[in-house]
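The structure file final_17.cif is reproduced below (mmCIF, C-alpha atoms).
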data_input
loop_
_atom_site.label_atom_id
_atom_site.label_comp_id
_atom_site.auth_asym_id
_atom_site.auth_seq_id
_atom_site.Cartn_x
_atom_site.Cartn_y
_atom_site.Cartn_z
CA MET A 1 54.33 38.56 62.00
CA LYS A 2 55.55 42.13 62.42
CA LYS A 3 58.20 41.66 59.71
CA TRP A 4 55.62 40.24 57.31
CA PHE A 5 53.27 43.15 57.99
CA LYS A 6 56.03 45.70 57.39
CA ARG A 7 56.98 44.06 54.09
CA ALA A 8 53.36 43.94 52.94
CA ALA A 9 52.83 47.58 53.90
CA PHE A 10 56.01 48.59 52.08
CA ALA A 11 54.94 46.72 48.94
CA ALA A 12 51.53 48.41 49.07
CA VAL A 13 53.13 51.85 49.34
CA CYS A 14 55.39 51.09 46.37
CA ALA A 15 52.42 49.97 44.29
CA LEU A 16 50.42 53.04 45.27
CA HIS A 17 53.12 55.59 44.49
CA LEU A 18 54.97 53.95 41.62
CA GLY A 19 52.18 52.06 39.94
CA SER A 20 52.19 48.50 38.68
CA ALA A 21 53.87 49.02 35.32
CA ALA A 22 55.06 46.02 33.35
CA ALA A 23 58.72 45.10 33.17
CA ALA A 24 60.80 47.44 31.00
CA ASP A 25 64.15 47.21 29.23
CA VAL A 26 65.37 50.32 31.04
CA VAL A 27 64.26 51.84 34.33
CA ILE A 28 65.30 55.49 34.72
CA ASP A 29 65.54 56.92 38.21
CA ALA A 30 65.44 60.72 38.18
CA GLY A 31 67.35 61.66 41.33
CA HIS A 32 65.77 63.50 44.27
CA GLY A 33 62.39 65.25 43.82
CA GLY A 34 59.74 66.95 45.95
CA LYS A 35 61.08 68.03 49.33
CA ASP A 36 64.52 66.66 48.39
CA HIS A 37 65.97 69.27 46.03
CA GLY A 38 69.44 67.75 45.86
CA ALA A 39 72.45 69.96 45.17
CA LEU A 40 72.03 73.68 44.53
CA GLY A 41 73.85 75.96 42.12
CA THR A 42 73.73 79.72 41.54
CA LEU A 43 74.27 81.76 38.39
CA GLY A 44 73.86 85.46 39.03
CA LYS A 45 70.62 85.88 40.94
CA HIS A 46 69.10 82.60 39.81
CA GLN A 47 69.33 79.44 41.89
CA TYR A 48 69.05 76.03 40.26
CA MET A 49 68.12 72.69 41.83
CA GLU A 50 69.54 69.30 40.97
CA LYS A 51 66.12 67.64 41.08
CA ASP A 52 64.89 69.78 38.15
CA PHE A 53 67.86 69.03 35.91
CA ALA A 54 67.72 65.33 36.78
CA LEU A 55 64.03 65.08 35.90
CA ASP A 56 64.32 66.98 32.62
CA MET A 57 67.29 64.90 31.43
CA SER A 58 65.55 61.69 32.51
CA LEU A 59 62.41 62.53 30.54
CA GLN A 60 64.51 63.31 27.47
CA LEU A 61 66.50 60.11 27.98
CA ARG A 62 63.25 58.13 28.05
CA LYS A 63 62.08 59.80 24.85
CA HIS A 64 65.28 58.99 22.93
CA LEU A 65 65.51 55.40 24.20
CA ARG A 66 61.91 54.74 23.18
CA GLN A 67 62.73 56.05 19.73
CA GLN A 68 65.46 53.39 19.57
CA GLY A 69 62.91 50.69 20.33
CA PHE A 70 63.47 50.17 24.06
CA SER A 71 60.68 49.98 26.60
CA VAL A 72 61.29 52.46 29.43
CA ALA A 73 59.84 52.98 32.90
CA MET A 74 60.61 55.73 35.42
CA THR A 75 60.61 55.93 39.20
CA ARG A 76 59.16 59.46 38.95
CA THR A 77 57.85 61.59 36.11
CA ASP A 78 57.10 64.75 38.09
CA ASP A 79 58.35 66.72 41.08
CA THR A 80 57.50 64.04 43.63
CA PHE A 81 59.59 62.68 46.48
CA ARG A 82 60.33 58.94 46.36
CA PRO A 83 62.23 57.22 49.19
CA LEU A 84 65.36 55.39 48.08
CA GLY A 85 63.91 52.05 49.20
CA GLN A 86 60.93 52.49 46.88
CA ARG A 87 63.19 53.32 43.95
CA LEU A 88 65.31 50.25 44.56
CA ALA A 89 62.26 47.98 44.95
CA TYR A 90 60.75 49.35 41.75
CA GLY A 91 63.98 48.73 39.85
CA ARG A 92 64.25 45.16 41.12
CA LYS A 93 60.70 44.42 40.06
CA HIS A 94 60.59 46.08 36.64
CA CYS A 95 64.15 46.29 35.28
CA ARG A 96 65.22 43.88 32.51
CA LYS A 97 68.41 45.36 31.03
CA LEU A 98 69.46 48.51 32.90
CA PHE A 99 68.64 50.62 35.94
CA ALA A 100 70.04 54.14 35.41
CA SER A 101 69.93 56.67 38.23
CA VAL A 102 70.41 60.20 36.87
CA HIS A 103 71.91 62.92 39.09
CA VAL A 104 74.01 66.08 38.96
CA ASN A 105 77.19 66.17 41.02
CA ALA A 106 78.46 68.82 43.44
CA ALA A 107 81.73 69.54 45.25
CA LYS A 108 81.48 72.59 47.49
CA ASN A 109 85.12 72.47 48.50
CA ASN A 110 86.38 72.00 44.95
CA PRO A 111 84.72 74.35 42.45
CA ARG A 112 87.10 73.13 39.74
CA ALA A 113 85.62 69.63 39.79
CA ASN A 114 83.72 69.13 36.56
CA GLY A 115 82.48 66.69 33.96
CA VAL A 116 80.58 63.42 34.08
CA HIS A 117 81.24 60.76 36.71
CA THR A 118 79.81 57.25 36.55
CA TYR A 119 79.36 54.82 39.44
CA VAL A 120 78.77 51.09 39.82
CA LEU A 121 78.25 48.97 42.91
CA GLN A 122 81.43 48.46 44.91
CA GLY A 123 82.57 44.84 45.20
CA ASN A 124 80.32 43.61 42.39
CA ASP A 125 82.72 43.62 39.43
CA ALA A 126 83.17 39.84 39.30
CA THR A 127 79.47 38.98 38.94
CA ALA A 128 77.65 38.77 35.59
CA VAL A 129 75.44 41.73 36.53
CA GLY A 130 78.45 43.69 37.76
CA LYS A 131 80.35 43.15 34.50
CA LYS A 132 77.40 44.41 32.45
CA SER A 133 77.03 47.45 34.71
CA LEU A 134 80.72 48.23 34.42
CA GLN A 135 80.70 48.00 30.62
CA ILE A 136 77.85 50.49 30.26
CA ALA A 137 79.42 52.86 32.80
CA ARG A 138 82.73 52.71 30.92
CA ASN A 139 81.04 53.48 27.62
CA VAL A 140 79.29 56.52 29.11
CA GLN A 141 82.47 57.70 30.80
CA LYS A 142 84.53 57.40 27.61
CA ALA A 143 81.89 59.22 25.57
CA PHE A 144 81.72 62.22 27.91
CA ASN A 145 85.18 62.21 29.54
CA PRO A 146 87.65 60.47 27.20
CA LYS A 147 90.60 61.83 29.21
CA ARG A 148 89.18 60.41 32.46
CA PRO A 149 87.67 57.03 31.54
CA GLU A 150 87.80 55.55 35.04
CA VAL A 151 84.55 54.32 36.59
CA ARG A 152 84.01 54.89 40.31
CA ARG A 153 82.69 52.40 42.85
CA ALA A 154 80.23 53.17 45.64
CA ARG A 155 77.55 51.57 47.76
CA PHE A 156 74.69 53.92 46.90
CA VAL A 157 71.26 52.43 47.64
CA THR A 158 70.15 52.79 44.03
CA LEU A 159 73.09 50.65 42.89
CA GLN A 160 72.25 47.69 45.11
CA ASN A 161 70.07 45.93 42.55
CA THR A 162 71.92 42.65 42.07
CA THR A 163 69.37 41.27 39.59
CA CYS A 164 69.73 43.97 36.91
CA PRO A 165 72.76 46.00 35.72
CA SER A 166 72.73 49.34 37.54
CA VAL A 167 74.66 52.59 37.09
CA GLN A 168 74.53 56.01 38.71
CA LEU A 169 75.22 58.84 36.27
CA GLU A 170 76.43 62.13 37.74
CA MET A 171 75.91 64.48 34.81
CA TYR A 172 78.28 67.41 35.42
CA PHE A 173 78.59 69.61 38.53
CA MET A 174 76.21 72.09 40.09
CA SER A 175 79.22 73.62 41.87
CA ASN A 176 81.17 74.33 38.66
CA LYS A 177 80.17 77.52 36.84
CA ALA A 178 80.96 76.22 33.34
CA ASP A 179 79.05 72.98 33.96
CA LEU A 180 76.12 74.84 35.49
CA LYS A 181 75.87 77.17 32.48
CA LYS A 182 75.73 74.11 30.26
CA LEU A 183 72.96 72.53 32.34
CA ALA A 184 71.00 75.77 32.62
CA ASP A 185 70.83 75.99 28.82
CA LYS A 186 67.81 73.93 27.75
CA ARG A 187 69.26 73.06 24.35
CA GLN A 188 72.58 71.91 25.75
CA ARG A 189 70.88 69.97 28.52
CA ARG A 190 68.72 68.09 26.05
CA ALA A 191 71.69 67.49 23.77
CA ILE A 192 73.41 65.85 26.75
CA ALA A 193 70.40 63.58 27.26
CA GLY A 194 70.36 62.69 23.56
CA LYS A 195 74.05 61.76 23.61
CA LEU A 196 73.55 59.72 26.77
CA ALA A 197 70.66 57.84 25.17
CA LYS A 198 72.77 57.04 22.13
CA VAL A 199 75.60 55.58 24.24
CA ILE A 200 73.24 53.53 26.41
CA GLY A 201 71.20 52.31 23.44
CA THR A 202 74.30 51.27 21.50
CA SER A 203 75.71 49.47 24.55
CA LEU A 204 72.52 47.49 25.10
CA LYS A 205 72.20 46.55 21.43
CA GLN A 206 75.81 45.37 21.29
CA ARG A 207 75.27 43.27 24.40
CA ASP A 208 72.12 41.71 22.92
CA ALA A 209 73.93 40.97 19.64
CA LYS A 210 76.75 39.19 21.49
CA ALA A 211 74.24 37.13 23.47
CA LYS A 212 72.49 36.03 20.26
CA ALA A 213 75.78 35.21 18.54
CA LYS A 214 76.77 32.68 21.20
CA PRO A 215 76.06 29.12 19.95
CA ALA A 216 73.47 27.24 21.95
CA PRO A 217 74.81 24.18 23.77
CA SER A 218 74.08 20.99 21.79
CA ALA A 219 71.70 18.51 23.39
CA VAL A 220 73.13 15.57 21.41
CA LYS A 221 76.06 13.90 23.06
CA PRO A 222 79.08 13.57 20.80
CA GLN A 223 79.76 10.00 19.73
CA THR A 224 82.99 8.62 21.03
CA SER A 225 84.92 6.54 18.52
CA LYS A 226 85.59 2.99 19.67
CA PRO A 227 89.05 1.51 19.09
CA ALA A 228 89.23 -0.55 15.91
CA ALA A 229 88.84 -4.29 16.49
CA LYS A 230 91.79 -6.51 15.70
CA PRO A 231 91.36 -8.45 12.44
CA SER A 232 90.38 -12.04 13.21
CA ARG A 233 92.20 -14.90 11.55
CA PRO A 234 90.13 -16.93 9.08
CA ARG A 235 88.93 -20.20 10.55
CA VAL A 236 90.21 -23.34 8.86
CA PRO A 237 88.04 -26.50 8.85
CA ALA A 238 89.26 -29.20 11.21
CA LYS A 239 89.82 -31.78 8.44
CA ALA A 240 91.74 -29.37 6.29
CA ALA A 241 93.79 -28.42 9.27
CA ALA A 242 94.59 -32.08 9.89
CA LYS A 243 95.70 -32.59 6.28
CA ASP A 244 97.84 -29.54 6.25
CA LYS A 245 99.41 -30.41 9.57
CA PRO A 246 102.80 -32.10 9.02
CA ALA A 247 103.16 -35.66 10.29
CA PRO A 248 105.02 -35.99 13.55
CA LEU A 249 108.59 -37.07 13.22
CA LYS A 250 109.41 -40.57 14.42
CA LYS A 251 111.91 -40.78 17.19
CA ALA A 252 115.17 -42.39 16.14
CA ALA A 253 116.18 -45.52 18.03
CA PRO A 254 118.93 -44.87 20.51
CA LYS A 255 122.33 -45.91 19.30
CA THR A 256 123.86 -48.87 21.16
CA ALA A 257 127.47 -48.72 22.02
CA ALA A 258 129.66 -51.11 19.89
CA LYS A 259 130.99 -54.12 21.77
CA PRO A 260 134.77 -54.19 22.04
CA LYS A 261 136.46 -56.84 19.93
CA ALA A 262 137.94 -59.78 21.79
CA LYS A 263 141.64 -59.86 21.92
CA ARG A 264 143.27 -62.64 20.20
#
Give the structure from the file, written as structure tokens.
Amino acid sequence: MKKWFKRAAFAAVCALHLGSAAAADVVIDAGHGGKDHGALGTLGKHQYMEKDFALDMSLQLRKHLRQQGFSVAMTRTDDTFRPLGQRLAYGRKHCRKLFASVHVNAAKNNPRANGVHTYVLQGNDATAVGKKSLQIARNVQKAFNPKRPEVRRARFVTLQNTTCPSVQLEMYFMSNKADLKKLADKRQRRAIAGKLAKVIGTSLKQRDAKAKAKPAPSAVKPQTSKPAAKPSRPRVPAKAAAKDKPAPLKKAAPKTAAKPKAKR
């Protein structure tokens, strides 16, 4: 009873905060938000927060994907905190083709770390959903980091949607000065979102085209050819057969031995 009540309460909270939107082709999860500012980065006297970059890029990503004809939903559209469990539940309920969690990376102990890193669920590569997730992550990785095309594996909560392909996109580093300058520039940041939308949109369209190109299994069972029957001999009427049948040979009488002549 307690478990049922907790589940019902959790579902009610999700519906209250995230709304009851219809299913969408793509669900975008803008990382962090509200009291959770995510990673921090400083340029001069100005401090930047990951949650702001993630939200702005996510909104731009939604705009560009809609222009390509995809329906898009978001786990947050403003500076609001959403627990990870709510984000995951929303993705499971509404996602049809892709759940994309957008973040900005950080490496305090390695300021040289830079670029885009993509993640998929660890241990899920062999499943149909895992293969689709991996393909999209690879396409994004190759588009932004052609020299480092490897996709990383992790067990992030937002990746644990086993019903819909899911990727986590770490768009550059807050801890790298060159990356942070790029993100702090509104034009460059929105160009990044536009490029990301193009890669994702192309990947989804190619996947849909392949699915349509596959021939549907035939419902009619193939006819198996039966072995050819042996040609039957023509029947001959009984009378004709009797006429044509040669007469039986008469047995020759056994030869009797000649009696010896009497001696004279």
Gap from CA of Met171 in chain A to CA of Val104 in chain A - Å, one decimal: 4.8 Å
Counting all atoms listed in the file, the option among A:Asn161, A:Gln67, A:Gln47, A:Thr42 closest to Ser101 in chain A: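 When distances to Ser101 in chain A are compared using all atoms listed in the file, the smallest one comes from A:Asn161.
Nearest residue to Gln135 in chain A among A:Ala24, A:Val199, A:Leu84, A:Leu180 is A:Val199, counting all atoms listed in the file.
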Picked residues, the PyMOL selection byres ((chain A and resi 157) around 12), expected as a PyMOL selection string: chain A and resi 29+31+83-89+91+101+119-122+154-156+158-162+166-168
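Relative to CA of Met174 in chain A, CA of Gly41 in chain A is found at 5.0 Å.
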Explicit residues for the PyMOL selection byres ((chain A and resi 60) around 12) (as a PyMOL selection string): chain A and resi 28+30+53-59+61-67+72+74+77+102+186-198
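Proximity ranking of A:Asp25, A:Ala39, A:Ala209, A:Lys177 relative to Gln68 in chain A places A:Asp25 first, based on only C-alpha atoms.
In terms of minimum interatomic distance to Asn139 in chain A, A:Leu204 ranks closest within A:Asp79, A:Leu204, A:Tyr172, A:Asp185, counting only C-alpha atoms.
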Selection near Pro111 in chain A, 9 Å with all atoms listed in the file, sequence-local residues under 2 positions removed, as a list in words: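 Contacts, with the query itself left out: Ala106, Ala107, Lys108, Asn109, Ala113, Asn114, Phe173, Ser175, Asn176 and Lys177 of chain A.
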Print the selection's residues with C-alpha atoms to a file, as an mmCIF file, in the coordinates of the input.
data_model
loop_
_atom_site.group_PDB
_atom_site.id
_atom_site.type_symbol
_atom_site.label_atom_id
_atom_site.label_comp_id
_atom_site.auth_asym_id
_atom_site.auth_seq_id
_atom_site.Cartn_x
_atom_site.Cartn_y
_atom_site.Cartn_z
ATOM 1 C CA ALA A 106 78.460 68.820 43.440
ATOM 2 C CA ALA A 107 81.730 69.540 45.250
ATOM 3 C CA LYS A 108 81.480 72.590 47.490
ATOM 4 C CA ASN A 109 85.120 72.470 48.500
ATOM 5 C CA ALA A 113 85.620 69.630 39.790
ATOM 6 C CA ASN A 114 83.720 69.130 36.560
ATOM 7 C CA PHE A 173 78.590 69.610 38.530
ATOM 8 C CA SER A 175 79.220 73.620 41.870
ATOM 9 C CA ASN A 176 81.170 74.330 38.660
ATOM 10 C CA LYS A 177 80.170 77.520 36.840
#
